[in-house]
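> See target_38.tsv below, with TSV, N, CA and C atoms.
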```
chain	number	residue	atom	x	y	z
A	1	MET	N	117.12	103.89	122.46
A	1	MET	CA	115.76	104.39	122.55
A	1	MET	C	115.33	105.04	121.23
A	2	LYS	N	116.27	105.75	120.57
A	2	LYS	CA	115.92	106.39	119.30
A	2	LYS	C	115.55	105.34	118.27
A	3	ALA	N	116.31	104.25	118.23
A	3	ALA	CA	116.01	103.18	117.27
A	3	ALA	C	114.66	102.55	117.57
A	4	MET	N	114.38	102.32	118.86
A	4	MET	CA	113.11	101.72	119.24
A	4	MET	C	111.95	102.64	118.87
A	5	ARG	N	112.10	103.93	119.13
A	5	ARG	CA	111.03	104.87	118.79
A	5	ARG	C	110.80	104.91	117.28
A	6	ALA	N	111.86	104.93	116.50
A	6	ALA	CA	111.71	104.97	115.04
A	6	ALA	C	111.03	103.70	114.55
A	7	LEU	N	111.45	102.56	115.06
A	7	LEU	CA	110.85	101.28	114.66
A	7	LEU	C	109.39	101.24	115.07
A	8	THR	N	109.09	101.70	116.28
A	8	THR	CA	107.71	101.71	116.76
A	8	THR	C	106.83	102.61	115.91
A	9	ARG	N	107.32	103.80	115.57
A	9	ARG	CA	106.55	104.71	114.72
A	9	ARG	C	106.28	104.09	113.34
A	10	TYR	N	107.30	103.47	112.77
A	10	TYR	CA	107.16	102.84	111.45
A	10	TYR	C	106.15	101.70	111.51
A	11	ALA	N	106.27	100.86	112.53
A	11	ALA	CA	105.35	99.72	112.67
A	11	ALA	C	103.93	100.21	112.92
A	12	ALA	N	103.78	101.19	113.80
A	12	ALA	CA	102.45	101.71	114.13
A	12	ALA	C	101.77	102.32	112.91
A	13	ALA	N	102.53	103.05	112.11
A	13	ALA	CA	101.96	103.67	110.91
A	13	ALA	C	101.45	102.59	109.95
A	14	GLY	N	102.21	101.53	109.79
A	14	GLY	CA	101.78	100.44	108.92
A	14	GLY	C	100.55	99.73	109.45
A	15	ILE	N	100.51	99.52	110.74
A	15	ILE	CA	99.36	98.85	111.35
A	15	ILE	C	98.12	99.73	111.24
A	16	GLU	N	98.27	101.02	111.49
A	16	GLU	CA	97.12	101.92	111.43
A	16	GLU	C	96.54	102.01	110.02
A	17	GLU	N	97.35	101.77	109.00
A	17	GLU	CA	96.84	101.76	107.62
A	17	GLU	C	95.83	100.65	107.41
A	18	THR	N	95.87	99.61	108.23
A	18	THR	CA	94.92	98.50	108.12
A	18	THR	C	93.58	98.85	108.74
A	19	GLY	N	93.51	99.99	109.44
A	19	GLY	CA	92.28	100.38	110.12
A	19	GLY	C	92.21	99.87	111.54
A	20	LEU	N	93.26	99.21	112.00
A	20	LEU	CA	93.30	98.68	113.36
A	20	LEU	C	94.19	99.56	114.23
A	21	GLY	N	93.84	99.65	115.49
A	21	GLY	CA	94.73	100.27	116.46
A	21	GLY	C	95.74	99.24	116.91
A	22	LEU	N	96.75	99.67	117.65
A	22	LEU	CA	97.80	98.76	118.09
A	22	LEU	C	97.27	97.67	119.02
A	23	SER	N	96.37	98.03	119.93
A	23	SER	CA	95.82	97.03	120.85
A	23	SER	C	95.02	95.98	120.10
A	24	ASP	N	94.16	96.43	119.19
A	24	ASP	CA	93.34	95.49	118.43
A	24	ASP	C	94.22	94.59	117.57
A	25	PHE	N	95.22	95.17	116.93
A	25	PHE	CA	96.15	94.37	116.12
A	25	PHE	C	96.81	93.31	117.00
A	26	GLY	N	97.27	93.71	118.17
A	26	GLY	CA	97.95	92.77	119.08
A	26	GLY	C	97.05	91.62	119.48
A	27	VAL	N	95.81	91.92	119.84
A	27	VAL	CA	94.86	90.87	120.25
A	27	VAL	C	94.59	89.93	119.08
A	28	LEU	N	94.31	90.49	117.92
A	28	LEU	CA	94.02	89.65	116.75
A	28	LEU	C	95.23	88.81	116.34
A	29	GLU	N	96.41	89.40	116.42
A	29	GLU	CA	97.63	88.66	116.06
A	29	GLU	C	97.86	87.49	116.99
A	30	VAL	N	97.64	87.67	118.28
A	30	VAL	CA	97.78	86.57	119.25
A	30	VAL	C	96.81	85.45	118.91
A	31	LEU	N	95.57	85.80	118.63
A	31	LEU	CA	94.57	84.78	118.29
A	31	LEU	C	94.91	84.08	116.98
A	32	LEU	N	95.45	84.81	116.03
A	32	LEU	CA	95.85	84.21	114.76
A	32	LEU	C	96.92	83.14	114.97
A	33	HIS	N	97.89	83.44	115.82
A	33	HIS	CA	99.02	82.54	115.99
A	33	HIS	C	98.87	81.52	117.12
A	34	LYS	N	98.01	81.80	118.09
A	34	LYS	CA	97.86	80.89	119.23
A	34	LYS	C	96.50	80.20	119.27
A	35	GLY	N	95.55	80.67	118.48
A	35	GLY	CA	94.22	80.07	118.50
A	35	GLY	C	93.38	80.67	119.61
A	36	PRO	N	92.17	80.11	119.82
A	36	PRO	CA	91.26	80.63	120.85
A	36	PRO	C	91.91	80.63	122.23
A	37	LEU	N	91.68	81.73	122.97
A	37	LEU	CA	92.27	81.87	124.30
A	37	LEU	C	91.29	82.54	125.26
A	38	PRO	N	91.45	82.25	126.56
A	38	PRO	CA	90.65	82.99	127.54
A	38	PRO	C	91.05	84.46	127.55
A	39	VAL	N	90.08	85.32	127.82
A	39	VAL	CA	90.34	86.76	127.85
A	39	VAL	C	91.51	87.08	128.78
A	40	ASN	N	91.51	86.47	129.97
A	40	ASN	CA	92.55	86.81	130.96
A	40	ASN	C	93.93	86.29	130.58
A	41	THR	N	94.02	85.44	129.59
A	41	THR	CA	95.32	84.97	129.09
A	41	THR	C	95.88	85.94	128.05
A	42	ILE	N	95.00	86.55	127.28
A	42	ILE	CA	95.42	87.45	126.19
A	42	ILE	C	96.05	88.73	126.75
A	43	GLY	N	95.45	89.31	127.78
A	43	GLY	CA	95.91	90.59	128.32
A	43	GLY	C	97.41	90.65	128.59
A	44	PRO	N	97.94	89.72	129.40
A	44	PRO	CA	99.39	89.77	129.68
A	44	PRO	C	100.26	89.58	128.43
A	45	ILE	N	99.78	88.82	127.48
A	45	ILE	CA	100.57	88.58	126.26
A	45	ILE	C	100.74	89.88	125.48
A	46	VAL	N	99.67	90.68	125.41
A	46	VAL	CA	99.72	91.92	124.63
A	46	VAL	C	99.93	93.14	125.52
A	47	ASP	N	100.24	92.91	126.78
A	47	ASP	CA	100.57	93.96	127.73
A	47	ASP	C	99.41	94.93	127.96
A	48	LEU	N	98.20	94.36	128.16
A	48	LEU	CA	97.03	95.15	128.48
A	48	LEU	C	96.51	94.76	129.86
A	49	THR	N	96.05	95.75	130.61
A	49	THR	CA	95.46	95.50	131.93
A	49	THR	C	94.14	94.74	131.75
A	50	PRO	N	93.63	94.14	132.83
A	50	PRO	CA	92.34	93.44	132.71
A	50	PRO	C	91.22	94.33	132.16
A	51	GLY	N	91.15	95.58	132.61
A	51	GLY	CA	90.13	96.48	132.09
A	51	GLY	C	90.32	96.81	130.62
A	52	SER	N	91.57	97.02	130.23
A	52	SER	CA	91.86	97.36	128.83
A	52	SER	C	91.61	96.18	127.90
A	53	ILE	N	91.93	94.97	128.33
A	53	ILE	CA	91.70	93.81	127.45
A	53	ILE	C	90.21	93.57	127.30
A	54	SER	N	89.44	93.78	128.37
A	54	SER	CA	87.98	93.63	128.26
A	54	SER	C	87.40	94.63	127.27
A	55	THR	N	87.87	95.87	127.34
A	55	THR	CA	87.41	96.91	126.42
A	55	THR	C	87.79	96.57	124.99
A	56	ALA	N	89.02	96.11	124.79
A	56	ALA	CA	89.49	95.75	123.45
A	56	ALA	C	88.66	94.60	122.88
A	57	VAL	N	88.41	93.59	123.70
A	57	VAL	CA	87.62	92.44	123.22
A	57	VAL	C	86.19	92.89	122.92
A	58	ASP	N	85.60	93.72	123.79
A	58	ASP	CA	84.25	94.24	123.51
A	58	ASP	C	84.22	94.94	122.15
A	59	ARG	N	85.22	95.77	121.89
A	59	ARG	CA	85.30	96.52	120.64
A	59	ARG	C	85.41	95.56	119.45
A	60	LEU	N	86.24	94.52	119.58
A	60	LEU	CA	86.43	93.56	118.49
A	60	LEU	C	85.19	92.71	118.27
A	61	VAL	N	84.45	92.40	119.35
A	61	VAL	CA	83.19	91.67	119.21
A	61	VAL	C	82.19	92.54	118.45
A	62	GLU	N	82.10	93.82	118.83
A	62	GLU	CA	81.17	94.75	118.16
A	62	GLU	C	81.47	94.88	116.67
A	63	LYS	N	82.76	94.81	116.31
A	63	LYS	CA	83.16	94.90	114.91
A	63	LYS	C	82.99	93.58	114.17
A	64	GLY	N	82.64	92.53	114.89
A	64	GLY	CA	82.46	91.22	114.26
A	64	GLY	C	83.77	90.52	113.94
A	65	LEU	N	84.86	90.92	114.59
A	65	LEU	CA	86.17	90.33	114.30
A	65	LEU	C	86.52	89.16	115.21
A	66	VAL	N	85.90	89.12	116.40
A	66	VAL	CA	86.11	88.00	117.32
A	66	VAL	C	84.78	87.58	117.91
A	67	SER	N	84.75	86.35	118.41
A	67	SER	CA	83.61	85.88	119.19
A	67	SER	C	84.10	85.63	120.61
A	68	ARG	N	83.17	85.68	121.55
A	68	ARG	CA	83.51	85.44	122.96
A	68	ARG	C	82.42	84.53	123.50
A	69	VAL	N	82.84	83.34	123.96
A	69	VAL	CA	81.88	82.37	124.48
A	69	VAL	C	82.36	81.83	125.83
A	70	GLU	N	81.42	81.32	126.61
A	70	GLU	CA	81.77	80.71	127.89
A	70	GLU	C	82.56	79.44	127.64
A	71	SER	N	83.53	79.19	128.49
A	71	SER	CA	84.29	77.95	128.44
A	71	SER	C	83.38	76.79	128.82
A	72	ALA	N	83.53	75.67	128.15
A	72	ALA	CA	82.75	74.48	128.48
A	72	ALA	C	83.14	73.94	129.85
A	73	GLU	N	84.40	74.15	130.25
A	73	GLU	CA	84.90	73.64	131.53
A	73	GLU	C	84.58	74.55	132.71
A	74	ASP	N	84.55	75.86	132.48
A	74	ASP	CA	84.38	76.82	133.57
A	74	ASP	C	83.59	78.02	133.05
A	75	ARG	N	82.33	78.15	133.49
A	75	ARG	CA	81.46	79.20	132.97
A	75	ARG	C	81.95	80.60	133.30
A	76	ARG	N	82.87	80.75	134.26
A	76	ARG	CA	83.41	82.07	134.60
A	76	ARG	C	84.43	82.54	133.56
A	77	VAL	N	84.95	81.61	132.76
A	77	VAL	CA	85.99	81.91	131.78
A	77	VAL	C	85.35	82.17	130.41
A	78	ARG	N	85.79	83.24	129.77
A	78	ARG	CA	85.31	83.58	128.42
A	78	ARG	C	86.43	83.31	127.43
A	79	ILE	N	86.12	82.54	126.41
A	79	ILE	CA	87.09	82.18	125.37
A	79	ILE	C	86.88	83.11	124.17
A	80	VAL	N	87.96	83.69	123.69
A	80	VAL	CA	87.91	84.61	122.55
A	80	VAL	C	88.52	83.90	121.34
A	81	ASP	N	87.85	84.02	120.21
A	81	ASP	CA	88.32	83.39	118.97
A	81	ASP	C	88.06	84.33	117.81
A	82	LEU	N	88.84	84.17	116.76
A	82	LEU	CA	88.65	84.96	115.55
A	82	LEU	C	87.40	84.50	114.81
A	83	THR	N	86.66	85.44	114.27
A	83	THR	CA	85.59	85.12	113.33
A	83	THR	C	86.25	84.98	111.96
A	84	PRO	N	85.54	84.43	110.98
A	84	PRO	CA	86.14	84.37	109.63
A	84	PRO	C	86.58	85.75	109.12
A	85	SER	N	85.77	86.79	109.36
A	85	SER	CA	86.18	88.12	108.87
A	85	SER	C	87.37	88.64	109.67
A	86	GLY	N	87.43	88.32	110.96
A	86	GLY	CA	88.58	88.72	111.78
A	86	GLY	C	89.85	88.03	111.31
A	87	LYS	N	89.71	86.75	110.98
A	87	LYS	CA	90.87	85.99	110.50
A	87	LYS	C	91.37	86.54	109.17
A	88	ASP	N	90.45	86.85	108.28
A	88	ASP	CA	90.84	87.43	106.98
A	88	ASP	C	91.56	88.76	107.18
A	89	LEU	N	91.00	89.61	108.05
A	89	LEU	CA	91.59	90.92	108.28
A	89	LEU	C	92.99	90.81	108.88
A	90	ILE	N	93.15	90.03	109.94
A	90	ILE	CA	94.45	89.98	110.61
A	90	ILE	C	95.48	89.20	109.78
A	91	ALA	N	95.05	88.22	109.02
A	91	ALA	CA	96.01	87.49	108.18
A	91	ALA	C	96.66	88.44	107.18
A	92	GLY	N	95.85	89.27	106.53
A	92	GLY	CA	96.39	90.24	105.58
A	92	GLY	C	97.20	91.33	106.26
A	93	ALA	N	96.69	91.83	107.39
A	93	ALA	CA	97.40	92.88	108.12
A	93	ALA	C	98.73	92.37	108.65
A	94	PHE	N	98.75	91.13	109.16
A	94	PHE	CA	99.99	90.59	109.70
A	94	PHE	C	101.00	90.32	108.58
A	95	ARG	N	100.52	89.85	107.45
A	95	ARG	CA	101.40	89.62	106.29
A	95	ARG	C	102.08	90.93	105.90
A	96	LYS	N	101.31	92.01	105.83
A	96	LYS	CA	101.86	93.32	105.50
A	96	LYS	C	102.86	93.78	106.56
A	97	HIS	N	102.50	93.62	107.83
A	97	HIS	CA	103.38	94.01	108.94
A	97	HIS	C	104.69	93.22	108.88
A	98	SER	N	104.58	91.94	108.63
A	98	SER	CA	105.77	91.09	108.56
A	98	SER	C	106.71	91.54	107.44
A	99	LEU	N	106.15	91.89	106.29
A	99	LEU	CA	106.97	92.39	105.18
A	99	LEU	C	107.64	93.71	105.55
A	100	GLN	N	106.93	94.57	106.25
A	100	GLN	CA	107.52	95.84	106.69
A	100	GLN	C	108.69	95.59	107.63
A	101	MET	N	108.52	94.67	108.56
A	101	MET	CA	109.60	94.38	109.52
A	101	MET	C	110.80	93.72	108.81
A	102	LYS	N	110.53	92.90	107.82
A	102	LYS	CA	111.63	92.31	107.04
A	102	LYS	C	112.41	93.39	106.32
A	103	ARG	N	111.69	94.41	105.80
A	103	ARG	CA	112.37	95.53	105.14
A	103	ARG	C	113.27	96.28	106.12
A	104	VAL	N	112.78	96.51	107.31
A	104	VAL	CA	113.57	97.23	108.32
A	104	VAL	C	114.85	96.47	108.65
A	105	PHE	N	114.71	95.16	108.86
A	105	PHE	CA	115.85	94.37	109.32
A	105	PHE	C	116.70	93.81	108.17
A	106	SER	N	116.37	94.18	106.93
A	106	SER	CA	117.13	93.67	105.78
A	106	SER	C	118.57	94.17	105.74
A	107	GLU	N	118.86	95.19	106.52
A	107	GLU	CA	120.24	95.71	106.61
A	107	GLU	C	121.16	94.76	107.36
A	108	LEU	N	120.58	93.84	108.12
A	108	LEU	CA	121.38	92.93	108.95
A	108	LEU	C	121.54	91.58	108.27
A	109	SER	N	122.71	91.00	108.44
A	109	SER	CA	122.96	89.65	107.94
A	109	SER	C	122.23	88.66	108.85
A	110	PRO	N	122.07	87.41	108.40
A	110	PRO	CA	121.45	86.40	109.27
A	110	PRO	C	122.18	86.26	110.62
A	111	GLU	N	123.49	86.35	110.59
A	111	GLU	CA	124.27	86.24	111.83
A	111	GLU	C	123.99	87.43	112.75
A	112	GLU	N	123.92	88.62	112.16
A	112	GLU	CA	123.63	89.81	112.95
A	112	GLU	C	122.22	89.73	113.55
A	113	LEU	N	121.27	89.22	112.78
A	113	LEU	CA	119.90	89.07	113.29
A	113	LEU	C	119.86	88.12	114.48
A	114	ARG	N	120.55	86.99	114.38
A	114	ARG	CA	120.59	86.04	115.49
A	114	ARG	C	121.23	86.67	116.71
A	115	GLY	N	122.32	87.40	116.51
A	115	GLY	CA	122.99	88.08	117.62
A	115	GLY	C	122.09	89.13	118.27
A	116	LEU	N	121.39	89.89	117.44
A	116	LEU	CA	120.48	90.91	117.96
A	116	LEU	C	119.36	90.25	118.77
A	117	GLU	N	118.80	89.19	118.25
A	117	GLU	CA	117.73	88.48	118.96
A	117	GLU	C	118.22	87.97	120.31
A	118	THR	N	119.38	87.38	120.33
A	118	THR	CA	119.95	86.87	121.58
A	118	THR	C	120.19	88.00	122.58
A	119	ALA	N	120.77	89.09	122.11
A	119	ALA	CA	121.06	90.23	122.98
A	119	ALA	C	119.78	90.85	123.52
A	120	LEU	N	118.76	91.02	122.67
A	120	LEU	CA	117.52	91.63	123.12
A	120	LEU	C	116.79	90.75	124.13
A	121	LYS	N	116.84	89.44	123.94
A	121	LYS	CA	116.23	88.54	124.92
A	121	LYS	C	116.92	88.67	126.27
A	122	LYS	N	118.24	88.73	126.27
A	122	LYS	CA	118.99	88.88	127.53
A	122	LYS	C	118.63	90.19	128.21
A	123	VAL	N	118.63	91.27	127.45
A	123	VAL	CA	118.32	92.59	128.01
A	123	VAL	C	116.89	92.62	128.54
A	124	GLY	N	115.96	92.06	127.78
A	124	GLY	CA	114.56	92.03	128.20
A	124	GLY	C	114.36	91.25	129.49
A	125	LYS	N	114.99	90.09	129.58
A	125	LYS	CA	114.89	89.28	130.80
A	125	LYS	C	115.51	90.00	131.98
A	126	ARG	N	116.64	90.66	131.76
A	126	ARG	CA	117.30	91.39	132.84
A	126	ARG	C	116.43	92.55	133.31
A	127	ALA	N	115.83	93.28	132.37
A	127	ALA	CA	114.97	94.40	132.74
A	127	ALA	C	113.76	93.89	133.54
A	128	ALA	N	113.19	92.76	133.12
A	128	ALA	CA	112.04	92.19	133.84
A	128	ALA	C	112.44	91.79	135.27
A	129	THR	N	113.61	91.20	135.40
A	129	THR	CA	114.10	90.80	136.72
A	129	THR	C	114.31	92.03	137.61
A	130	LEU	N	114.91	93.06	137.06
A	130	LEU	CA	115.13	94.28	137.83
A	130	LEU	C	113.81	94.94	138.26
A	131	MET	N	112.81	94.88	137.39
A	131	MET	CA	111.49	95.43	137.75
A	131	MET	C	110.88	94.65	138.90
A	132	GLU	N	111.02	93.33	138.87
A	132	GLU	CA	110.47	92.49	139.94
A	132	GLU	C	111.19	92.76	141.27
A	133	GLU	N	112.47	93.07	141.22
A	133	GLU	CA	113.24	93.31	142.43
A	133	GLU	C	112.95	94.66	143.05
A	134	SER	N	112.49	95.61	142.25
A	134	SER	CA	112.27	96.96	142.79
A	134	SER	C	110.89	97.17	143.33
```
As structure tokens, please, write out the structure in this file.


Amino acid sequence: MKAMRALTRYAAAGIEETGLGLSDFGVLEVLLHKGPLPVNTIGPIVDLTPGSISTAVDRLVEKGLVSRVESAEDRRVRIVDLTPSGKDLIAGAFRKHSLQMKRVFSELSPEELRGLETALKKVGKRAATLMEES
């Protein structure tokens, strides 16, 4: 937990330097890497409730960083996409974040990184399973 808290504080500080909050960074990063998505698809990916994702998207629309349009297939669905300024902002912010994370994990060899990734995936899946059972 101490390692996770330290890593989270370091990552959050770097993200906040970009002028984005963690939620906004998460939403923009998902759109950068996955492309346009329905609002209700983004929330679970970035661990936001339906109300929180709506608020985050509203905020990003107001800032001109994303657009939100009705789906051509289903008018009840709203598709969120990066605007050119949103793409520019998150591309630079994510590049900086990625470099920061590489610095943190530079202490580990490639083999150690693969082992850590495997172990964390196992632990994460187990924790999710235990939450579903309780």

> Give me, please, the distance in Å between atom C of A:Lys34 and atom C of A:Leu60, quoted to one decimal.

16.9 Å

> Which polymer residues have any atom within 6.5 Å of an atom of A:Pro38, counting all atoms listed in the file, with same-chain residues fewer than 5 positions away left out, as an MDAnalysis selection string?

chainID A and resid 77:80

> Find the residues around A:Leu32 up to 8 Å (all atoms listed in the file counted), leave out those fewer than 2 positions away in its own chain, and share them as a PDB file with N, CA and C atoms, keeping the file's coordinate frame.


```pdb
ATOM      1  N   GLY A  26      97.270  93.710 118.170  1.00  0.00           N
ATOM      2  CA  GLY A  26      97.950  92.770 119.080  1.00  0.00           C
ATOM      3  C   GLY A  26      97.050  91.620 119.480  1.00  0.00           C
ATOM      4  N   VAL A  27      95.810  91.920 119.840  1.00  0.00           N
ATOM      5  CA  VAL A  27      94.860  90.870 120.250  1.00  0.00           C
ATOM      6  C   VAL A  27      94.590  89.930 119.080  1.00  0.00           C
ATOM      7  N   LEU A  28      94.310  90.490 117.920  1.00  0.00           N
ATOM      8  CA  LEU A  28      94.020  89.650 116.750  1.00  0.00           C
ATOM      9  C   LEU A  28      95.230  88.810 116.340  1.00  0.00           C
ATOM     10  N   GLU A  29      96.410  89.400 116.420  1.00  0.00           N
ATOM     11  CA  GLU A  29      97.630  88.660 116.060  1.00  0.00           C
ATOM     12  C   GLU A  29      97.860  87.490 116.990  1.00  0.00           C
ATOM     13  N   VAL A  30      97.640  87.670 118.280  1.00  0.00           N
ATOM     14  CA  VAL A  30      97.780  86.570 119.250  1.00  0.00           C
ATOM     15  C   VAL A  30      96.810  85.450 118.910  1.00  0.00           C
ATOM     16  N   LYS A  34      98.010  81.800 118.090  1.00  0.00           N
ATOM     17  CA  LYS A  34      97.860  80.890 119.230  1.00  0.00           C
ATOM     18  C   LYS A  34      96.500  80.200 119.270  1.00  0.00           C
ATOM     19  N   GLY A  35      95.550  80.670 118.480  1.00  0.00           N
ATOM     20  CA  GLY A  35      94.220  80.070 118.500  1.00  0.00           C
ATOM     21  C   GLY A  35      93.380  80.670 119.610  1.00  0.00           C
ATOM     22  N   PRO A  36      92.170  80.110 119.820  1.00  0.00           N
ATOM     23  CA  PRO A  36      91.260  80.630 120.850  1.00  0.00           C
ATOM     24  C   PRO A  36      91.910  80.630 122.230  1.00  0.00           C
ATOM     25  N   ASP A  81      87.850  84.020 120.210  1.00  0.00           N
ATOM     26  CA  ASP A  81      88.320  83.390 118.970  1.00  0.00           C
ATOM     27  C   ASP A  81      88.060  84.330 117.810  1.00  0.00           C
ATOM     28  N   LEU A  82      88.840  84.170 116.760  1.00  0.00           N
ATOM     29  CA  LEU A  82      88.650  84.960 115.550  1.00  0.00           C
ATOM     30  C   LEU A  82      87.400  84.500 114.810  1.00  0.00           C
ATOM     31  N   GLY A  86      87.430  88.320 110.960  1.00  0.00           N
ATOM     32  CA  GLY A  86      88.580  88.720 111.780  1.00  0.00           C
ATOM     33  C   GLY A  86      89.850  88.030 111.310  1.00  0.00           C
ATOM     34  N   LYS A  87      89.710  86.750 110.980  1.00  0.00           N
ATOM     35  CA  LYS A  87      90.870  85.990 110.500  1.00  0.00           C
ATOM     36  C   LYS A  87      91.370  86.540 109.170  1.00  0.00           C
ATOM     37  N   ILE A  90      93.150  90.030 109.940  1.00  0.00           N
ATOM     38  CA  ILE A  90      94.450  89.980 110.610  1.00  0.00           C
ATOM     39  C   ILE A  90      95.480  89.200 109.780  1.00  0.00           C
ATOM     40  N   ALA A  91      95.050  88.220 109.020  1.00  0.00           N
ATOM     41  CA  ALA A  91      96.010  87.490 108.180  1.00  0.00           C
ATOM     42  C   ALA A  91      96.660  88.440 107.180  1.00  0.00           C
TER      43      ALA A  91
END
```

> Could you jot down the atom CA of A:Ala56 to atom N of A:Ser71 separation for me, Å, one decimal place?

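Between these atoms lies a distance of 18.3 Å.
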
> Could you pull out the helix (DSSP H, G or I) residues of stretch 73-130 of chain A from DSSP and send them as a ChimeraX atom specification?

/A:84-105,110-130

> To one decimal in Å, tell me the separation between atom N of A:Lys102 and atom CA of A:Ala11.

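We find that atom N of A:Lys102 and atom CA of A:Ala11 lie 9.8 Å from each other.
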
> With all atoms listed in the file as the basis for distance, which of A:Tyr10, A:Leu31, A:Ser54, A:Leu48 is at the shortest distance from A:Gln100?

A:Tyr10

> Compare A:Ala72, A:Ile45, A:Met101, A:Leu89 by their minimum atom-to-atom distance to A:Thr18, counting only C-alpha atoms, and give me the closest one.

A:Leu89

> Let me make sure I understand: among A:Ser106, A:Thr83, A:Thr8, A:Asn40, which one has the smallest atom-to-atom distance to A:Leu65 if we use all atoms listed in the file?

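Of A:Ser106, A:Thr83, A:Thr8, A:Asn40, the one nearest A:Leu65, counting all atoms listed in the file, is A:Thr83.
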
> Using DSSP assignments from the backbone, pull out every residue in chain A that falls under strand (DSSP E or B) and give it to me as a list in words.

Leu37, Pro38, Val66, Ser67, Arg68, Val69, Glu70, Arg78, Ile79, Val80, Asp81 and Leu82 of chain A

> Go through A:Pro84, A:Thr55, A:Val123, A:Leu108 and flag the residue nearest A:Ser67, using only N, CA and C atoms for the distances.

A:Pro84

> Using only C-alpha atoms, pick whichever of A:Val104, A:Val66, A:Val57, A:Val46 has the shortest atom-to-atom distance to A:Ala6.

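Checking each of A:Val104, A:Val66, A:Val57, A:Val46 against A:Ala6, counting only C-alpha atoms, the winner is A:Val104.
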